[in-house]
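This report concerns only the one structure given below.
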Amino acid sequence: MPKSYEVAVLVGSLRKKSLNRMLAHALSALAPPALSLRIAEIGDLPFYNDDLERDAPHAWQALRERIAAADAMLFITPEYNRSVPAVLKNAVDVLSRPFGSGALKGKPAAIATSSPGAMGGFGASHHLRQSLVCLGMNVMASPEVYLGNAGALFDEAGALTNPSTEDFLRRFVSAFSDWIETFSAR
Ligand code: FNR
């Protein structure tokens, strides 16, 4: 029987009509059958504070367990002020600790960013990549997704409006599936 992989998706926007959340749903629908993409919510995580580790907040523990059990992670985020939105950086910080036993080390990962602007969140993507690589994640190098002018690429219901974007995203998520497979075979 072919293997299947659980991919935990972190979305760096809490907005109800978030374009990045639409992108997460689109990628989930385009993923090959071997991948199951499910969003792990991060909006209720208390800000990281080392003093809390002794009796870590339930929301931290639940996310850490969820990510430890996942085969891979997909980060989908807007860019805020040329960097990673605080809500997503906080989740990465929470997952990076306790020091030496964080849930991220060695896990295959990929990043997709989107923005209504022309640069598609390039800056956020590379700031995030810097953190993930430093934490020992195996972050896919290519294909890269910086989805610019994203406001024009989804309809009101969140469906993709452009077949060539759909093709591009299908190729991305299929390459990610191969990437995950490579690490699971080790
Ligand atoms: C933005 N936005 C933005 N866009 C961009 O391309 N580069 C940037 O540096 C920023 N900076 C920024 C800061 C803050 C505080 C906000 C609220 C917004 C615009 C941003 O891309 C846009 O609001 C997206 O629609 C946000 O993504 P979601 O919520 O649609 O997923």
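Letters for chains follow the order of the structure tokens (A, B, ...), residue numbers begin at 1 for each chain, and ligand numbers begin at 1 in the order shown.
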Surrounding residues as a PDB file with N, CA, C and O atoms, in the first residue's frame, ligand 1, max 6 Å, only C-alpha atoms and all ligand atoms:
```pdb
ATOM      1  N   SER A  13      -1.629  34.190   8.880  1.00  0.00           N
ATOM      2  CA  SER A  13      -2.631  35.259   8.944  1.00  0.00           C
ATOM      3  C   SER A  13      -3.852  34.748   9.684  1.00  0.00           C
ATOM      4  O   SER A  13      -4.275  33.612   9.473  1.00  0.00           O
ATOM      5  N   ARG A  15      -6.756  36.490   9.618  1.00  0.00           N
ATOM      6  CA  ARG A  15      -7.905  37.133   8.981  1.00  0.00           C
ATOM      7  C   ARG A  15      -8.863  36.104   8.393  1.00  0.00           C
ATOM      8  O   ARG A  15      -8.433  35.161   7.736  1.00  0.00           O
ATOM      9  N   SER A  18      -8.469  35.760   4.705  1.00  0.00           N
ATOM     10  CA  SER A  18      -7.055  35.717   4.358  1.00  0.00           C
ATOM     11  C   SER A  18      -6.785  35.036   3.018  1.00  0.00           C
ATOM     12  O   SER A  18      -7.230  33.908   2.763  1.00  0.00           O
ATOM     13  N   LEU A  19      -6.006  35.715   2.183  1.00  0.00           N
ATOM     14  CA  LEU A  19      -5.596  35.128   0.906  1.00  0.00           C
ATOM     15  C   LEU A  19      -4.707  33.906   1.148  1.00  0.00           C
ATOM     16  O   LEU A  19      -4.745  32.935   0.395  1.00  0.00           O
ATOM     17  N   ASN A  20      -3.914  33.980   2.209  1.00  0.00           N
ATOM     18  CA  ASN A  20      -3.008  32.865   2.496  1.00  0.00           C
ATOM     19  C   ASN A  20      -3.759  31.627   2.979  1.00  0.00           C
ATOM     20  O   ASN A  20      -3.365  30.498   2.686  1.00  0.00           O
ATOM     21  N   ARG A  21      -4.847  31.861   3.689  1.00  0.00           N
ATOM     22  CA  ARG A  21      -5.685  30.722   4.081  1.00  0.00           C
ATOM     23  C   ARG A  21      -6.360  30.123   2.826  1.00  0.00           C
ATOM     24  O   ARG A  21      -6.459  28.910   2.683  1.00  0.00           O
ATOM     25  N   PRO A  78       1.592  35.540   4.709  1.00  0.00           N
ATOM     26  CA  PRO A  78       1.826  36.856   4.115  1.00  0.00           C
ATOM     27  C   PRO A  78       3.153  37.421   4.616  1.00  0.00           C
ATOM     28  O   PRO A  78       3.808  36.831   5.489  1.00  0.00           O
ATOM     29  N   GLU A  79       3.507  38.560   4.055  1.00  0.00           N
ATOM     30  CA  GLU A  79       4.676  39.313   4.529  1.00  0.00           C
ATOM     31  C   GLU A  79       4.145  40.523   5.284  1.00  0.00           C
ATOM     32  O   GLU A  79       3.250  41.209   4.788  1.00  0.00           O
ATOM     33  N   TYR A  80       4.668  40.729   6.485  1.00  0.00           N
ATOM     34  CA  TYR A  80       4.351  41.953   7.221  1.00  0.00           C
ATOM     35  C   TYR A  80       5.629  42.762   7.341  1.00  0.00           C
ATOM     36  O   TYR A  80       6.609  42.299   7.927  1.00  0.00           O
ATOM     37  N   ASN A  81       5.609  43.933   6.786  1.00  0.00           N
ATOM     38  CA  ASN A  81       6.759  44.836   6.892  1.00  0.00           C
ATOM     39  C   ASN A  81       8.072  44.141   6.543  1.00  0.00           C
ATOM     40  O   ASN A  81       9.037  44.171   7.283  1.00  0.00           O
ATOM     41  N   ARG A  82       8.005  43.452   5.404  1.00  0.00           N
ATOM     42  CA  ARG A  82       9.146  42.755   4.807  1.00  0.00           C
ATOM     43  C   ARG A  82       9.665  41.602   5.675  1.00  0.00           C
ATOM     44  O   ARG A  82      10.819  41.184   5.547  1.00  0.00           O
ATOM     45  N   SER A 115       0.833  37.589  -1.557  1.00  0.00           N
ATOM     46  CA  SER A 115       0.566  38.988  -1.237  1.00  0.00           C
ATOM     47  C   SER A 115      -0.232  39.612  -2.372  1.00  0.00           C
ATOM     48  O   SER A 115      -0.056  39.225  -3.527  1.00  0.00           O
ATOM     49  N   PRO A 116      -1.066  40.600  -2.054  1.00  0.00           N
ATOM     50  CA  PRO A 116      -1.691  41.360  -3.136  1.00  0.00           C
ATOM     51  C   PRO A 116      -0.650  42.195  -3.892  1.00  0.00           C
ATOM     52  O   PRO A 116      -0.892  42.621  -5.013  1.00  0.00           O
ATOM     53  N   GLY A 117       0.498  42.394  -3.289  1.00  0.00           N
ATOM     54  CA  GLY A 117       1.568  43.166  -3.933  1.00  0.00           C
ATOM     55  C   GLY A 117       2.330  42.323  -4.946  1.00  0.00           C
ATOM     56  O   GLY A 117       2.146  41.102  -5.032  1.00  0.00           O
ATOM     57  N   GLY A 120       5.025  39.246  -3.829  1.00  0.00           N
ATOM     58  CA  GLY A 120       4.530  37.945  -3.377  1.00  0.00           C
ATOM     59  C   GLY A 120       5.031  37.466  -2.024  1.00  0.00           C
ATOM     60  O   GLY A 120       4.961  36.277  -1.709  1.00  0.00           O
ATOM     61  N   GLY A 121       5.572  38.367  -1.222  1.00  0.00           N
ATOM     62  CA  GLY A 121       6.019  37.954   0.119  1.00  0.00           C
ATOM     63  C   GLY A 121       7.424  37.362   0.145  1.00  0.00           C
ATOM     64  O   GLY A 121       7.785  36.629   1.068  1.00  0.00           O
TER      65      GLY A 121
END
```
- Item | For Arg64 of chain A: contacts at 12 Å, only C-alpha atoms, fewer than 2 positions along chain excluded, given as a ChimeraX atom specification | /A:8,40-42,45,56-62,66-70,91-98,101-104
- Using only C-alpha atoms, which of A:Glu6, A:Asp50, A:Asp55, A:Glu156 sits nearest Ala72 of chain A?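 Ranking A:Glu6, A:Asp50, A:Asp55, A:Glu156 by distance to Ala72 of chain A, first place goes to A:Glu6.
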- Task: Give the answer as one residue: which of A:Asn90, A:Thr77, A:Gln130, A:Ser28 has the shortest atom-to-atom distance to Ala112 of chain A, using only C-alpha atoms?
- Result: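 Among the listed residues, the smallest separation from Ala112 of chain A belongs to A:Thr77.
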- Go through A:Glu53, A:Asp44, A:Asp71, A:Glu65 and flag the residue nearest Phe176 of chain A, using only C-alpha atoms for the distances.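 Using only C-alpha atoms, Phe176 of chain A sits closest to A:Asp71.
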Extract, using only C-alpha atoms, all DNA, RNA and protein residues at most 10 Å from Met137 of chain A, discarding same-chain residues fewer than 2 positions from it, and format them as a PDB file with N, CA and C atoms, in the first residue's frame.
```pdb
ATOM      1  N   ALA A  72       5.426  16.169   8.108  1.00  0.00           N
ATOM      2  CA  ALA A  72       6.038  17.321   7.429  1.00  0.00           C
ATOM      3  C   ALA A  72       5.247  18.577   7.784  1.00  0.00           C
ATOM      4  N   MET A  73       5.839  19.723   7.437  1.00  0.00           N
ATOM      5  CA  MET A  73       5.149  20.990   7.697  1.00  0.00           C
ATOM      6  C   MET A  73       5.169  21.881   6.466  1.00  0.00           C
ATOM      7  N   ALA A 103      10.118  20.221  18.280  1.00  0.00           N
ATOM      8  CA  ALA A 103       9.442  19.280  17.376  1.00  0.00           C
ATOM      9  C   ALA A 103       9.846  19.454  15.915  1.00  0.00           C
ATOM     10  N   LEU A 104      10.708  20.433  15.620  1.00  0.00           N
ATOM     11  CA  LEU A 104      10.938  20.783  14.216  1.00  0.00           C
ATOM     12  C   LEU A 104      12.152  20.098  13.585  1.00  0.00           C
ATOM     13  N   LYS A 105      13.115  19.744  14.416  1.00  0.00           N
ATOM     14  CA  LYS A 105      14.404  19.261  13.897  1.00  0.00           C
ATOM     15  C   LYS A 105      14.236  18.072  12.951  1.00  0.00           C
ATOM     16  N   GLY A 106      14.814  18.209  11.767  1.00  0.00           N
ATOM     17  CA  GLY A 106      14.836  17.116  10.803  1.00  0.00           C
ATOM     18  C   GLY A 106      13.565  16.962   9.981  1.00  0.00           C
ATOM     19  N   LYS A 107      12.533  17.718  10.319  1.00  0.00           N
ATOM     20  CA  LYS A 107      11.261  17.537   9.603  1.00  0.00           C
ATOM     21  C   LYS A 107      11.323  18.201   8.224  1.00  0.00           C
ATOM     22  N   PRO A 108      10.803  17.505   7.197  1.00  0.00           N
ATOM     23  CA  PRO A 108      10.715  18.161   5.901  1.00  0.00           C
ATOM     24  C   PRO A 108       9.694  19.295   5.926  1.00  0.00           C
ATOM     25  N   ALA A 109      10.008  20.366   5.220  1.00  0.00           N
ATOM     26  CA  ALA A 109       9.132  21.545   5.245  1.00  0.00           C
ATOM     27  C   ALA A 109       9.158  22.244   3.893  1.00  0.00           C
ATOM     28  N   ALA A 110       8.127  23.044   3.657  1.00  0.00           N
ATOM     29  CA  ALA A 110       8.119  23.926   2.493  1.00  0.00           C
ATOM     30  C   ALA A 110       7.433  25.221   2.892  1.00  0.00           C
ATOM     31  N   ARG A 129      12.661  31.151   6.179  1.00  0.00           N
ATOM     32  CA  ARG A 129      13.601  30.075   5.818  1.00  0.00           C
ATOM     33  C   ARG A 129      14.837  30.111   6.721  1.00  0.00           C
ATOM     34  N   SER A 131      15.064  31.046   9.817  1.00  0.00           N
ATOM     35  CA  SER A 131      14.747  30.449  11.123  1.00  0.00           C
ATOM     36  C   SER A 131      14.612  28.933  11.013  1.00  0.00           C
ATOM     37  N   LEU A 132      13.909  28.479   9.993  1.00  0.00           N
ATOM     38  CA  LEU A 132      13.628  27.041   9.888  1.00  0.00           C
ATOM     39  C   LEU A 132      14.917  26.245   9.648  1.00  0.00           C
ATOM     40  N   VAL A 133      15.799  26.796   8.831  1.00  0.00           N
ATOM     41  CA  VAL A 133      17.062  26.110   8.558  1.00  0.00           C
ATOM     42  C   VAL A 133      17.898  26.059   9.831  1.00  0.00           C
ATOM     43  N   CYS A 134      17.884  27.159  10.570  1.00  0.00           N
ATOM     44  CA  CYS A 134      18.656  27.190  11.832  1.00  0.00           C
ATOM     45  C   CYS A 134      18.115  26.164  12.829  1.00  0.00           C
ATOM     46  N   LEU A 135      16.847  25.808  12.704  1.00  0.00           N
ATOM     47  CA  LEU A 135      16.252  24.816  13.607  1.00  0.00           C
ATOM     48  C   LEU A 135      16.419  23.391  13.093  1.00  0.00           C
ATOM     49  N   VAL A 139      14.201  22.222   4.567  1.00  0.00           N
ATOM     50  CA  VAL A 139      13.285  23.098   3.828  1.00  0.00           C
ATOM     51  C   VAL A 139      13.522  22.954   2.319  1.00  0.00           C
ATOM     52  N   MET A 140      12.459  22.613   1.592  1.00  0.00           N
ATOM     53  CA  MET A 140      12.560  22.437   0.135  1.00  0.00           C
ATOM     54  C   MET A 140      13.046  23.751  -0.513  1.00  0.00           C
TER      55      MET A 140
END
```
- as a PyMOL selection string, list the residues of segment 73-121 of chain A assigned to alpha helix (DSSP H) by DSSP on the backbone atoms of this structure. chain A and resi 86-95
For the residues in the current selection, export C-alpha atoms as a PDB file, in the first residue's frame.
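After the write, again-v6.pdb holds the following:
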```
ATOM      1  CA  ALA A  86       4.429  37.909  14.630  1.00  0.00           C
ATOM      2  CA  VAL A  87       1.780  35.213  15.033  1.00  0.00           C
ATOM      3  CA  LEU A  88       3.769  32.814  12.860  1.00  0.00           C
ATOM      4  CA  LYS A  89       7.144  33.723  14.359  1.00  0.00           C
ATOM      5  CA  ASN A  90       5.646  33.104  17.798  1.00  0.00           C
ATOM      6  CA  ALA A  91       4.500  29.631  16.719  1.00  0.00           C
ATOM      7  CA  VAL A  92       7.993  28.841  15.407  1.00  0.00           C
ATOM      8  CA  ASP A  93       9.507  30.046  18.685  1.00  0.00           C
ATOM      9  CA  VAL A  94       7.089  27.896  20.717  1.00  0.00           C
ATOM     10  CA  LEU A  95       7.867  24.859  18.555  1.00  0.00           C
TER      11      LEU A  95
END
```
- Task: Mind giving me the straight-line distance from atom CA of Ala124 of chain A to atom CA of Gly12 of chain A in Å, one decimal?
- Result: 10.1 Å
- Item | Closest of A:Asn162, A:Asn149, A:Ser4, A:Ser36 to Thr113 of chain A - atom-to-atom distances counting only C-alpha atoms |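 Closest to Thr113 of chain A, using only C-alpha atoms: A:Asn149.
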- Task: Return the single residue from A:Val84, A:Leu23, A:Val9, A:Ile111 that is closest to Pro143 of chain A, with distances computed using only C-alpha atoms.
- Result: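 Among A:Val84, A:Leu23, A:Val9, A:Ile111, it is A:Ile111 that comes nearest to Pro143 of chain A.
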